[in-house]
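Worksheet: one structure, shown below.
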Amino acid sequence: MSATETTTFATADLPSGEPIPSSAAPVPNPKPFPIKAVFAAAPSNIDAFLAHLQRCLQTPAGIDTVLLFLCYTSRLSASVLETLTRPAIQRSAQQLLALAASLPPSATLVFTAKALPSQGAALALAFAKRLRAFSLMLSDARTFLRLWGLLNMYFWLRRLVLKRSAAKESEKESEKAAKKDDSVETAISWIQVSTCIVFQALENGAYLSSKGVLGWAPATQRRASLWSARFWAAFVGIEIGKLFYESHKRGQRTRAEKFGDGTKTAAQVEAEEREWAGAWRSSVLRNLAWAPLTLHWSSEGGLLGEMAVGAIASIPGTIQIRDLWRRTAE
């Protein structure tokens, strides 16, 4: 029963007398919005934001993450604006067709601003055009930055070769390591580095040929782009399988492996598990989002529309920019 109902019943039971005063606290007057304080703090907030953004752009991976996020969110925004303005354009077109059909063949049509889409629809279409051009520019920039990806893959391959040589040497000397590398993970790494090398080589060839640096014909460039996307799709599929294999393997750890022979507390183990699970979920979601996109870019005619591509690709972009923003926070 509320305080108001209790007061009502108590007053009804009294034969006479003054009414019982309400025990509710007076409602304070609303304070005005501190607009001056907001404007006063704006320079420092902008400065902090720009400093944080600058930290995000200090590494090639950070630059690619920011470009990825801006590329596909702008592409999605352009598709949304075009979809929202399409009904207005269709109505204007139908009105013009109906008007033209009602006039005699010798009549002359004179268009005025009233017959065209509204000014708001025209502005939205113009802005969508700018966003799409911005997205294409960022996509081209990301492809250019990936030209040096083969260097990273060389060192990835080099690490695998050195690890294999070290494993053979230890077998010759009959030395047993305390913790052996998983042969399944090693095989997965070899397959992934192979697919990445082919993917990057084909993409580089198609991109450089489109700029006139190499001499591949347009048809060859198209085939190279398709096969590049197919090898990327293979990498994404293998990565998803690898993530679930790692989750299965982690779930089979013993208590000693979790607690490090008693060197870790339960709170530390729990914090490590939460951190690992969060990173694992982000990786799975990111790769699951890339999977349909790689299949879309691997097919001749494509499988998805523009809005679907922008929406799905914005998922890994948002995940990566969120993780990058957290890692670079002071």
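Chain labels run A, B, ... following the order of the structure tokens; each chain numbers its residues from 1, and ligands are numbered from 1 in the order shown.
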Q: Show which residues sit within 12 Å of Ser183 in chain A, as a ChimeraX atom specification. Count only C-alpha atoms, and ignore same-chain residues fewer than 3 positions away.
A: /A:163-164,167,180,186-190
Q. What lies within 12 Å of range 46-63 of chain A using only C-alpha atoms, ignoring chain neighbours under 4 positions off, as an NGL selection string?
A. :A and (38-42 or 67-71 or 138 or 141-142 or 144-146 or 148-149 or 152 or 317 or 320-330)
Q: Find, counting only C-alpha atoms, the residue in A:Tyr207, A:Glu300, A:Ile191, A:Val184 that gets nearest to Tyr245 in chain A.
A: A:Val184
Q. So which residues touch range 304-315 of chain A within 6 Å, counting only C-alpha atoms, skipping near sequence neighbours fewer than 5 positions away, as a ChimeraX atom specification?
A. /A:72-73,75-76,79,289
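For the choices A:Phe235, A:Leu125, A:Gly301, A:Leu151, the atom-to-atom distance to Leu84 in chain A is smallest for A:Leu125 when using only C-alpha atoms.
Distances to Gly205 in chain A were evaluated for A:Gly302, A:Pro218, A:Gly237, A:Gly278 using only C-alpha atoms, and the minimum falls at A:Pro218.
What separates CA of Val236 in chain A from CA of Ala291 in chain A is a distance of 6.3 Å.
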Q: Between A:Thr265, A:Val193, A:Leu214, A:Gly241, single out the one closest to Val161 in chain A, counting only C-alpha atoms.
A: A:Val193
Q: Mind checking which residues fall within 12 Å of Ala279 in chain A, counting only C-alpha atoms, ignoring those fewer than 2 positions away in the same chain, and posting them as number ranges by chain?
A: A: 243, 247, 272-277, 281-286, 319-320, 322-323
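Candidate residues A:Thr220, A:Thr254, A:Gln268, A:Asn287 were compared for distance to Ile238 in chain A, and the nearest is A:Asn287, using only C-alpha atoms.
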